[in-house]
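Asker: query-v2.tsv (TSV, C-alpha atoms) pasted underneath:
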```tsv
chain	number	residue	atom	x	y	z
A	788	MET	CA	15.32	22.02	24.68
A	789	TYR	CA	12.17	22.86	22.80
A	790	LYS	CA	8.91	20.99	23.29
A	791	ALA	CA	7.01	20.80	20.03
A	792	LYS	CA	3.39	19.78	19.77
A	793	VAL	CA	2.24	18.51	16.44
A	794	ASN	CA	-1.33	18.02	15.31
A	795	VAL	CA	-1.78	15.81	12.27
A	796	THR	CA	-5.23	16.11	10.72
A	797	LEU	CA	-6.90	14.61	7.69
A	798	ARG	CA	-7.29	17.14	4.88
A	799	PRO	CA	-10.81	18.62	4.76
A	800	SER	CA	-11.49	16.93	1.41
A	801	ILE	CA	-10.79	13.47	2.88
A	802	LEU	CA	-13.60	11.45	4.41
A	803	ASP	CA	-12.90	10.46	8.01
A	804	PRO	CA	-14.69	7.18	8.77
A	805	LYS	CA	-13.34	7.08	12.36
A	806	GLY	CA	-14.64	10.59	13.00
A	807	LYS	CA	-17.97	9.64	11.49
A	808	ALA	CA	-18.24	6.54	13.71
A	809	ALA	CA	-17.40	8.64	16.81
A	810	HIS	CA	-19.94	11.26	15.73
A	811	HIS	CA	-22.58	8.58	15.40
A	812	ALA	CA	-21.78	7.28	18.91
A	813	LEU	CA	-22.02	10.84	20.32
A	814	GLN	CA	-25.47	11.16	18.77
A	815	ASN	CA	-26.43	7.89	20.45
A	816	LEU	CA	-25.32	9.49	23.73
A	817	GLY	CA	-27.75	12.31	23.07
A	818	LEU	CA	-25.09	14.92	22.32
A	819	ASN	CA	-26.91	16.08	19.22
A	820	GLU	CA	-25.30	19.52	19.39
A	821	VAL	CA	-22.09	18.02	18.01
A	822	GLN	CA	-22.23	18.71	14.30
A	823	GLN	CA	-19.04	17.05	13.10
A	824	VAL	CA	-16.12	15.00	14.42
A	825	ARG	CA	-12.71	14.77	12.80
A	826	ILE	CA	-10.04	12.55	14.35
A	827	GLY	CA	-6.32	13.21	13.97
A	828	LYS	CA	-3.08	12.52	15.80
A	829	PHE	CA	-1.28	14.48	18.49
A	830	ILE	CA	2.50	14.05	18.70
A	831	GLU	CA	4.99	15.62	21.14
A	832	LEU	CA	8.66	16.02	20.27
A	833	ASP	CA	11.52	17.17	22.51
A	834	VAL	CA	13.99	18.92	20.24
A	835	GLU	CA	17.54	20.01	21.05
A	836	ALA	CA	18.21	23.13	18.97
A	837	ASP	CA	19.93	26.52	19.20
A	838	SER	CA	16.86	28.56	18.39
A	839	LYS	CA	13.14	28.23	17.94
A	840	GLU	CA	13.62	28.80	14.21
A	841	SER	CA	15.96	25.86	13.85
A	842	ALA	CA	13.71	23.71	16.07
A	843	THR	CA	10.80	24.60	13.80
A	844	GLU	CA	12.78	23.57	10.73
A	845	ILE	CA	13.65	20.24	12.33
A	846	VAL	CA	10.06	19.51	13.34
A	847	GLU	CA	8.78	20.52	9.90
A	848	ALA	CA	11.21	18.06	8.34
A	849	ALA	CA	10.06	15.34	10.77
A	850	CYS	CA	6.45	16.02	9.82
A	851	SER	CA	6.80	16.09	6.08
A	852	LYS	CA	9.21	13.13	5.95
A	853	LEU	CA	7.49	10.80	8.38
A	854	LEU	CA	4.87	11.99	10.85
A	855	ALA	CA	2.30	13.14	8.27
A	856	ASN	CA	1.45	11.78	4.86
A	857	GLU	CA	0.82	14.91	2.87
A	858	VAL	CA	-1.21	13.05	0.28
A	859	MET	CA	-4.06	13.04	2.79
A	860	GLU	CA	-2.92	14.83	5.96
A	861	ASP	CA	-1.99	18.34	7.10
A	862	PHE	CA	0.14	19.18	10.13
A	863	ASP	CA	0.28	22.08	12.53
A	864	ILE	CA	3.20	22.79	14.90
A	865	THR	CA	3.18	24.74	18.15
A	866	PHE	CA	5.81	25.11	20.90
A	867	ASP	CA	5.50	25.18	24.67
A	868	ASP	CA	7.24	28.33	25.83
B	1137	MET	CA	15.57	-18.52	-14.74
B	1138	ALA	CA	14.70	-15.43	-12.76
B	1139	THR	CA	15.54	-15.20	-9.06
B	1140	PHE	CA	12.93	-13.68	-6.79
B	1141	GLY	CA	13.73	-11.78	-3.60
B	1142	VAL	CA	11.15	-11.59	-0.82
B	1143	ILE	CA	11.81	-8.80	1.68
B	1144	VAL	CA	11.22	-9.58	5.34
B	1145	PHE	CA	10.39	-6.75	7.73
B	1146	PRO	CA	9.69	-7.17	11.43
B	1147	GLY	CA	5.97	-7.94	11.29
B	1148	SER	CA	5.80	-9.29	7.74
B	1149	ASN	CA	3.52	-12.34	7.71
B	1150	CYS	CA	2.97	-13.14	4.03
B	1151	ASP	CA	6.68	-13.52	3.34
B	1152	HIS	CA	6.41	-17.29	3.61
B	1153	ASP	CA	3.28	-17.35	1.44
B	1154	ALA	CA	5.16	-15.47	-1.28
B	1155	TYR	CA	8.21	-17.73	-0.86
B	1156	HIS	CA	6.08	-20.87	-1.07
B	1157	ALA	CA	4.18	-19.59	-4.11
B	1158	MET	CA	7.31	-18.78	-6.07
B	1159	LYS	CA	9.47	-21.69	-4.88
B	1160	HIS	CA	7.10	-24.63	-4.68
B	1161	VAL	CA	4.30	-23.71	-7.06
B	1162	MET	CA	6.14	-21.70	-9.71
B	1163	ASN	CA	9.46	-23.61	-9.23
B	1164	CYS	CA	11.57	-20.45	-9.20
B	1165	ASP	CA	14.68	-19.54	-7.26
B	1166	VAL	CA	13.67	-17.44	-4.28
B	1167	LYS	CA	15.55	-15.89	-1.41
B	1168	PHE	CA	14.52	-13.98	1.66
B	1169	LEU	CA	16.06	-10.55	2.12
B	1170	TRP	CA	16.15	-9.17	5.68
B	1171	HIS	CA	15.11	-5.53	5.96
B	1172	LYS	CA	18.62	-4.64	7.17
B	1173	ASP	CA	20.24	-6.18	4.08
B	1174	THR	CA	21.55	-3.77	1.51
B	1175	ASP	CA	22.70	-6.23	-1.14
B	1176	LEU	CA	20.17	-7.08	-3.83
B	1177	SER	CA	22.69	-8.66	-6.20
B	1178	GLY	CA	21.45	-11.71	-8.04
B	1179	VAL	CA	17.81	-10.76	-7.59
B	1180	ASP	CA	15.75	-10.15	-10.73
B	1181	PHE	CA	12.36	-9.47	-9.18
B	1182	LEU	CA	11.49	-8.09	-5.75
B	1183	ILE	CA	8.40	-8.94	-3.76
B	1184	VAL	CA	7.46	-6.69	-0.84
B	1185	PRO	CA	5.09	-8.99	1.03
B	1186	GLY	CA	2.03	-8.42	3.17
B	1187	GLY	CA	1.82	-8.25	6.93
B	1188	PHE	CA	1.96	-5.63	9.63
B	1189	SER	CA	5.48	-4.26	9.34
B	1190	TYR	CA	6.39	-2.42	12.56
B	1191	GLY	CA	2.89	-3.08	13.87
B	1192	ASP	CA	1.45	-0.54	11.42
B	1193	TYR	CA	2.61	2.15	13.87
B	1194	LEU	CA	1.91	5.73	12.75
B	1195	ARG	CA	0.53	4.62	9.35
B	1196	SER	CA	0.78	1.28	7.53
B	1197	GLY	CA	4.17	1.10	5.85
B	1198	ALA	CA	5.37	4.47	7.18
B	1199	ILE	CA	8.20	3.06	9.33
B	1200	ALA	CA	9.19	0.15	7.07
B	1201	ARG	CA	9.75	2.67	4.29
B	1202	PHE	CA	12.86	3.86	6.20
B	1203	SER	CA	14.37	0.38	6.65
B	1204	PRO	CA	17.89	0.15	5.23
B	1205	ILE	CA	16.81	-2.13	2.38
B	1206	MET	CA	14.26	0.37	1.09
B	1207	GLN	CA	17.01	2.67	-0.23
B	1208	GLU	CA	18.24	-0.25	-2.33
B	1209	VAL	CA	14.68	-1.10	-3.39
B	1210	THR	CA	14.24	2.51	-4.55
B	1211	LYS	CA	17.48	2.35	-6.53
B	1212	PHE	CA	16.47	-1.02	-8.00
B	1213	ALA	CA	13.05	0.34	-9.00
B	1214	ASN	CA	14.46	3.59	-10.40
B	1215	ASN	CA	16.79	1.51	-12.59
B	1216	GLY	CA	13.78	-0.27	-14.02
B	1217	GLY	CA	13.93	-3.35	-11.79
B	1218	PRO	CA	10.55	-5.04	-11.35
B	1219	VAL	CA	8.98	-4.74	-7.89
B	1220	MET	CA	5.66	-6.09	-6.67
B	1221	GLY	CA	4.21	-4.91	-3.36
B	1222	ILE	CA	1.32	-6.95	-2.03
B	1223	CYS	CA	-1.04	-5.60	0.65
B	1224	ASN	CA	1.26	-4.13	3.33
B	1225	GLY	CA	3.92	-4.20	0.59
B	1226	PHE	CA	1.68	-1.91	-1.49
B	1227	GLN	CA	1.34	0.40	1.52
B	1228	ILE	CA	5.14	0.47	1.96
B	1229	LEU	CA	5.68	1.30	-1.74
B	1230	LEU	CA	3.14	4.14	-1.43
B	1231	GLU	CA	4.91	5.54	1.63
B	1232	ALA	CA	8.23	5.24	-0.24
B	1233	HIS	CA	6.70	7.28	-3.09
B	1234	LEU	CA	7.48	4.56	-5.61
B	1235	ILE	CA	3.76	4.55	-6.46
B	1236	PRO	CA	1.47	7.60	-6.20
B	1237	GLY	CA	-1.40	7.88	-3.71
B	1238	ALA	CA	-2.11	6.76	-0.16
B	1239	MET	CA	-4.14	4.18	1.76
B	1240	MET	CA	-6.89	5.13	4.18
B	1241	HIS	CA	-8.90	2.99	6.58
B	1242	ASN	CA	-11.54	0.91	4.84
B	1243	GLN	CA	-14.70	2.90	4.34
B	1244	HIS	CA	-16.64	0.85	6.90
B	1245	LEU	CA	-13.69	0.63	9.32
B	1246	ARG	CA	-13.66	-3.15	9.37
B	1247	HIS	CA	-10.72	-5.37	8.63
B	1248	VAL	CA	-11.92	-7.38	5.64
B	1249	CYS	CA	-10.64	-10.94	5.28
B	1250	LYS	CA	-12.38	-12.83	2.47
B	1251	ASP	CA	-12.18	-13.78	-1.18
B	1252	ILE	CA	-13.03	-10.97	-3.58
B	1253	TYR	CA	-13.05	-10.55	-7.36
B	1254	MET	CA	-10.76	-8.29	-9.30
B	1255	ARG	CA	-10.55	-7.59	-12.99
B	1256	CYS	CA	-7.48	-7.10	-15.15
B	1257	GLU	CA	-7.70	-3.66	-16.78
B	1258	THR	CA	-4.85	-3.85	-19.26
B	1259	SER	CA	-2.32	-6.36	-20.56
B	1260	ASP	CA	0.12	-3.52	-21.15
B	1261	SER	CA	2.56	-4.24	-18.31
B	1262	LEU	CA	5.16	-6.83	-17.41
B	1263	PHE	CA	2.81	-8.05	-14.68
B	1264	THR	CA	-0.27	-8.52	-16.86
B	1265	GLY	CA	1.24	-9.18	-20.31
B	1266	SER	CA	-0.23	-12.67	-20.62
B	1267	LEU	CA	-3.59	-11.76	-19.06
B	1268	THR	CA	-6.66	-10.57	-20.94
B	1269	LYS	CA	-8.29	-7.23	-20.35
B	1270	GLY	CA	-11.51	-7.98	-18.47
B	1271	GLN	CA	-10.22	-11.29	-17.07
B	1272	VAL	CA	-11.66	-11.87	-13.56
B	1273	PHE	CA	-9.73	-13.38	-10.65
B	1274	ARG	CA	-11.02	-14.66	-7.32
B	1275	VAL	CA	-8.33	-13.85	-4.77
B	1276	PRO	CA	-8.25	-13.23	-1.02
B	1277	VAL	CA	-7.92	-9.87	0.67
B	1278	SER	CA	-7.04	-9.25	4.30
B	1279	HIS	CA	-6.61	-5.63	5.24
B	1280	GLY	CA	-7.98	-2.79	7.34
B	1281	GLU	CA	-6.35	0.02	5.38
B	1282	GLY	CA	-6.94	-0.65	1.71
B	1283	ASN	CA	-9.08	2.32	0.82
B	1284	TYR	CA	-6.94	3.75	-1.96
B	1285	HIS	CA	-6.90	7.52	-2.28
B	1286	ILE	CA	-5.34	9.91	-4.76
B	1287	SER	CA	-6.06	13.50	-5.82
B	1288	ASP	CA	-8.36	14.14	-8.79
B	1289	ASP	CA	-5.38	15.15	-10.93
B	1290	GLY	CA	-3.48	12.07	-9.79
B	1291	LEU	CA	-6.39	9.81	-10.70
B	1292	LYS	CA	-6.67	11.40	-14.12
B	1293	ALA	CA	-2.94	10.79	-14.69
B	1294	LEU	CA	-3.34	7.12	-13.68
B	1295	GLN	CA	-6.21	6.75	-16.14
B	1296	ASP	CA	-4.56	8.68	-18.97
B	1297	LYS	CA	-1.36	6.63	-18.67
B	1298	ASN	CA	-3.21	3.34	-18.26
B	1299	GLN	CA	-1.59	2.70	-14.85
B	1300	ILE	CA	-4.60	0.99	-13.27
B	1301	LEU	CA	-3.93	-2.74	-13.68
B	1302	PHE	CA	-6.63	-4.27	-11.44
B	1303	ARG	CA	-10.01	-3.08	-10.17
B	1304	TYR	CA	-12.49	-4.61	-7.72
B	1305	CYS	CA	-15.52	-6.09	-9.46
B	1306	ASP	CA	-18.17	-8.75	-8.96
B	1307	GLU	CA	-18.03	-12.36	-10.18
B	1308	GLU	CA	-19.21	-11.26	-13.63
B	1309	GLY	CA	-16.54	-8.57	-13.88
B	1310	ILE	CA	-19.00	-5.74	-13.31
B	1311	LEU	CA	-17.90	-2.78	-11.21
B	1312	SER	CA	-20.86	-2.92	-8.84
B	1313	GLU	CA	-20.93	-0.68	-5.79
B	1314	GLU	CA	-20.91	-3.66	-3.38
B	1315	SER	CA	-17.85	-5.14	-5.06
B	1316	ASN	CA	-15.80	-2.10	-4.02
B	1317	PHE	CA	-15.84	-3.36	-0.43
B	1318	ASN	CA	-13.17	-1.02	0.99
B	1319	GLY	CA	-14.28	2.19	-0.73
B	1320	SER	CA	-11.21	2.62	-2.95
B	1321	ILE	CA	-11.40	5.49	-5.39
B	1322	ASN	CA	-12.34	4.20	-8.84
B	1323	HIS	CA	-12.42	0.57	-7.54
B	1324	ILE	CA	-8.62	0.53	-7.59
B	1325	ALA	CA	-7.08	-2.78	-6.44
B	1326	GLY	CA	-3.71	-2.54	-8.17
B	1327	ILE	CA	-1.72	0.15	-9.94
B	1328	THR	CA	1.68	0.53	-11.51
B	1329	ASN	CA	4.07	3.47	-11.45
B	1330	ASP	CA	4.76	5.77	-14.38
B	1331	GLY	CA	7.67	3.54	-15.44
B	1332	ARG	CA	5.37	0.47	-15.35
B	1333	ASN	CA	7.93	-1.63	-13.43
B	1334	VAL	CA	6.46	-1.30	-9.93
B	1335	LEU	CA	3.12	-2.87	-9.02
B	1336	GLY	CA	1.14	-2.24	-5.87
B	1337	LEU	CA	-1.64	-4.76	-5.33
B	1338	MET	CA	-3.97	-4.96	-2.35
B	1339	PRO	CA	-5.34	-8.52	-2.87
B	1340	HIS	CA	-3.16	-11.60	-2.35
B	1341	PRO	CA	-2.64	-13.66	-5.53
B	1342	GLU	CA	0.23	-15.48	-3.75
B	1343	ARG	CA	-2.38	-17.00	-1.43
B	1344	ALA	CA	-4.44	-18.33	-4.32
B	1345	MET	CA	-1.99	-20.69	-5.97
B	1346	GLU	CA	-3.39	-24.16	-5.28
B	1347	SER	CA	-6.92	-25.42	-5.71
B	1348	ILE	CA	-6.60	-27.42	-2.47
B	1349	LEU	CA	-6.40	-24.05	-0.71
B	1350	GLY	CA	-9.50	-22.70	-2.41
B	1351	SER	CA	-8.38	-20.98	-5.59
B	1352	GLU	CA	-5.53	-21.01	-8.08
B	1353	ASP	CA	-6.57	-17.77	-9.71
B	1354	GLY	CA	-3.33	-16.15	-8.56
B	1355	LYS	CA	-1.22	-18.46	-10.72
B	1356	PRO	CA	-1.87	-16.80	-14.11
B	1357	ILE	CA	-0.61	-13.52	-12.65
B	1358	PHE	CA	2.73	-15.05	-11.66
B	1359	GLU	CA	2.88	-16.98	-14.94
B	1360	SER	CA	2.40	-13.68	-16.72
B	1361	ILE	CA	5.28	-12.17	-14.71
B	1362	LEU	CA	7.53	-15.15	-15.51
B	1363	ASN	CA	6.69	-14.88	-19.21
B	1364	SER	CA	7.66	-11.22	-19.20
B	1365	LEU	CA	10.92	-11.92	-17.33
B	1366	SER	CA	11.93	-14.71	-19.70
B	1367	VAL	CA	11.64	-12.51	-22.77
B	1368	ALA	CA	13.20	-9.44	-21.12
```
Once more with this new file: its structure as structure tokens, please.

Answerer:
Amino acid sequence: MYKAKVNVTLRPSILDPKGKAAHHALQNLGLNEVQQVRIGKFIELDVEADSKESATEIVEAACSKLLANEVMEDFDITFDD
Amino acid sequence: MATFGVIVFPGSNCDHDAYHAMKHVMNCDVKFLWHKDTDLSGVDFLIVPGGFSYGDYLRSGAIARFSPIMQEVTKFANNGGPVMGICNGFQILLEAHLIPGAMMHNQHLRHVCKDIYMRCETSDSLFTGSLTKGQVFRVPVSHGEGNYHISDDGLKALQDKNQILFRYCDEEGILSEESNFNGSINHIAGITNDGRNVLGLMPHPERAMESILGSEDGKPIFESILNSLSVA
């Protein structure tokens, strides 16, 4: 069993209104050192596969078919070893 | 007489509005199609209605796009069958790649539920054939994710191929900054696919069919569709 961790993030060119709103709230808290906030999604998948390579392929398919919308989002996959 | 099919997903909530508009106002044959149905026979025009299919989990429309009926909708559309996605229906058609682009959260993060104005940009489509370029409609919107996005190249292709059918404007038909309430790129409210048989529209003309309910500006749009279907 492989445990995949997926981060889905908005592409850098895309405005992130949620991140902007959170950034604004952080400034109100006095945390003015925070220069930018971008909000994405974190997804965990338990994958039954023979090898890490095949698990990676499966998770990549899951991301590009459903978990991320590549018109506006990127994804990044890591595994717990 | 054309038969309309209205697809019902778990969480659809404008399915009955669409049914009522077509059945009782436009006097057409209409049937509901459950999202697990795979038989579209006898249907001439498909409406993918608004709502919150699957609770908008993950992204609006992302889960509904994998409902069994969507394979048939894709086949129907690829064979030239006319499909209209309204609001959440638009989002589902985007996720199904039947229309290019994606929807983001409204620029100001608020769910907007009010009447807005939109302008017809071309009469060159089966949806707008009887409308006039520049014609203004007052129709309701109700969405939180209607901020249309597409790449620069994608936008250029939409413009070059005249695929933008409706844009947000003010009462006079002017594309003022305030009129683009959700921040959509290029004021886009409704676009068609390359084949011009699939329409994605964020506002709700099916909710503006009777003056007693505030506006009947949606009617000419459905009349235009019926005109196109009767000559097809």

Asker: Counting only C-alpha atoms, which residues from chain A have an atom at most 9 Å from any atom of chain B, and could you show them as a list in words?

Answerer: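 The selection requested is Ile801, Leu802, Asp803, Pro804, Lys805, Ala808, Lys828, Leu853, Leu854, Ala855, Asn856, Val858 and Met859 of chain A.
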
Asker: For the residues in the current selection, export C-alpha atoms as a PDB file, keeping the file's coordinate frame.

Answerer:
```pdb
ATOM      1  CA  ILE A 801     -10.790  13.470   2.880  1.00  0.00           C
ATOM      2  CA  LEU A 802     -13.600  11.450   4.410  1.00  0.00           C
ATOM      3  CA  ASP A 803     -12.900  10.460   8.010  1.00  0.00           C
ATOM      4  CA  PRO A 804     -14.690   7.180   8.770  1.00  0.00           C
ATOM      5  CA  LYS A 805     -13.340   7.080  12.360  1.00  0.00           C
ATOM      6  CA  ALA A 808     -18.240   6.540  13.710  1.00  0.00           C
ATOM      7  CA  LYS A 828      -3.080  12.520  15.800  1.00  0.00           C
ATOM      8  CA  LEU A 853       7.490  10.800   8.380  1.00  0.00           C
ATOM      9  CA  LEU A 854       4.870  11.990  10.850  1.00  0.00           C
ATOM     10  CA  ALA A 855       2.300  13.140   8.270  1.00  0.00           C
ATOM     11  CA  ASN A 856       1.450  11.780   4.860  1.00  0.00           C
ATOM     12  CA  VAL A 858      -1.210  13.050   0.280  1.00  0.00           C
ATOM     13  CA  MET A 859      -4.060  13.040   2.790  1.00  0.00           C
TER      14      MET A 859
END
```

Asker: Any idea what the distance is between CA of Ile1310 (chain B) and CA of Asp1251 (chain B)?

Answerer: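 Result for CA of Ile1310 (chain B) versus CA of Asp1251 (chain B): 16.1 Å, one decimal.
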
Asker: So, counting all atoms listed in the file, which residue among A:Asp837, A:Gln823, A:Cys850, A:Glu860 is closest to Lys792 (chain A)?

Answerer: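 The shortest atom-to-atom distance to Lys792 (chain A) comes from A:Cys850.
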
Asker: How many Å separate CA of Met1345 (chain B) from CA of Met1162 (chain B)?

Answerer: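 Between CA of Met1345 (chain B) and CA of Met1162 (chain B) the gap is 9.0 Å.
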
Asker: In Å, how far is it from CA of Met1137 (chain B) to CA of His1340 (chain B)?

Answerer: 23.5 Å

Asker: Pick the closest to Pro1218 (chain B) from B:Arg1343, B:Thr1174, B:Gly1331, B:Asp1192: which is it, counting all atoms listed in the file?

Answerer: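 When distances to Pro1218 (chain B) are compared using all atoms listed in the file, the smallest one comes from B:Gly1331.
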
Asker: For Pro1341 (chain B), list every protein, DNA or RNA residue within 6 Å, evaluated using only C-alpha atoms, and leave out those in the same chain fewer than 3 positions away; present the list as a PyMOL selection string.

Answerer: chain B and resi 1275+1344+1354

Asker: Go ahead and write the residues just picked, C-alpha atoms, as a compact mmCIF listing (two decimals), keeping the file's coordinate frame.

Answerer:
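Listed below is the output, out_29.txt:
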```txt
# COMPACT_ATOMS: atom_id res chain seq x y z
CA VAL B 1275 -8.33 -13.85 -4.77
CA ALA B 1344 -4.44 -18.33 -4.32
CA GLY B 1354 -3.33 -16.15 -8.56
```

Asker: Excluding Ile1361 (chain B) and its own-chain neighbours fewer than 5 positions away, which residues fall within 10 Å of it when counting only C-alpha atoms? Please give them as a VMD selection string.

Answerer: chain B and resid 1181 1218 1261 to 1267 1355 to 1356 1366

Asker: May I ask which of the residues A:Phe866, A:Glu847, A:Leu797, A:Arg825 is the closest one to His810 (chain A), counting all atoms listed in the file?

Answerer: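 For His810 (chain A), the nearest of the given residues is A:Arg825.
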
Asker: Let me make sure I understand: among B:Cys1223, B:Leu1337, B:Leu1230, B:Leu1176, which one has the smallest atom-to-atom distance to Gln1207 (chain B) if we use only C-alpha atoms?

Answerer: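 Using only C-alpha atoms, Gln1207 (chain B) sits closest to B:Leu1176.
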
Asker: Go through B:Gly1216, B:Pro1276, B:Gly1290, B:Gly1191 and flag the residue nearest Ile1321 (chain B), using all atoms listed in the file for the distances.

Answerer: B:Gly1290

Asker: May I have the residues within 12 Å of Lys1297 (chain B) as a PDB file with C-alpha atoms, in the frame of the given file, using all atoms listed in the file and disregarding those fewer than 5 positions away in the same chain?

Answerer:
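Writing done, so here's around12.pdb:
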```pdb
ATOM      1  CA  THR B1258      -4.850  -3.850 -19.260  1.00  0.00           C
ATOM      2  CA  ASP B1260       0.120  -3.520 -21.150  1.00  0.00           C
ATOM      3  CA  SER B1261       2.560  -4.240 -18.310  1.00  0.00           C
ATOM      4  CA  GLY B1290      -3.480  12.070  -9.790  1.00  0.00           C
ATOM      5  CA  LEU B1291      -6.390   9.810 -10.700  1.00  0.00           C
ATOM      6  CA  LYS B1292      -6.670  11.400 -14.120  1.00  0.00           C
ATOM      7  CA  ILE B1327      -1.720   0.150  -9.940  1.00  0.00           C
ATOM      8  CA  THR B1328       1.680   0.530 -11.510  1.00  0.00           C
ATOM      9  CA  ASN B1329       4.070   3.470 -11.450  1.00  0.00           C
ATOM     10  CA  ASP B1330       4.760   5.770 -14.380  1.00  0.00           C
ATOM     11  CA  GLY B1331       7.670   3.540 -15.440  1.00  0.00           C
ATOM     12  CA  ARG B1332       5.370   0.470 -15.350  1.00  0.00           C
TER      13      ARG B1332
END
```

Asker: Enclose region 1306-1311 of chain B, meaning all of its atoms listed in the file, in a box aligned along x, y and z, pad it by 4 Å on each side, and list the centre and edge lengths in Å to one decimal, as AutoDock Vina command-line options.

Answerer:
```
--center_x -17.9 --center_y -7.6 --center_z -11.4 --size_x 10.7 --size_y 17.6 --size_z 12.9
```

Asker: Show which residues sit within 9 Å of Glu831 (chain A), as a PyMOL selection string. Count all atoms listed in the file, and ignore same-chain residues fewer than 4 positions away.

Answerer: chain A and resi 790-794
